[in-house]
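Structure first, then comments.
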Amino acid sequence: MNERIERLADQLLKRNDELSYGQARKWVENLWEDFEATRAKSGRTYEGPEKTEQIVLQWITNYGPYLHKYASKNEKFKHLLEDDSFKN
């Protein structure tokens, strides 16, 4: 799964040059977890990491260029813009 997260973080970096690698990775991890948790809470059948990767990639494609703007205005996601320890 780590490979999938890294691949998605790279895709996010291509869409948003305002984020560092660590920030992009945090965004991807949070989007991944949020999607899987939401599906589980709704009682939907788990469709595997392929489906989650597909949805997160779709979100990155649609919203990736704007994530840094969204986070800076929303306290819940503000930590996603903090300095990070990940290096690309």
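Chain lettering (A, B, ...) mirrors the order of the structure tokens, residue numbering begins at 1 for each chain separately, and ligand numbering begins at 1 in order of display.
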Please provide the set of residues having any atom within 8 Å of range 44-60 of chain A, restricted to only C-alpha atoms, with same-chain residues fewer than 3 positions apart removed, written as number ranges by chain. A: 1, 4, 8, 11-12, 15, 28, 31-32, 35-36, 39-41, 63-65
Using the chain letters and numbers from this document, which residues of chain A does DSSP assign to alpha helix (DSSP H), as a ChimeraX atom specification? /A:2-15,21-41,49-63,67-73
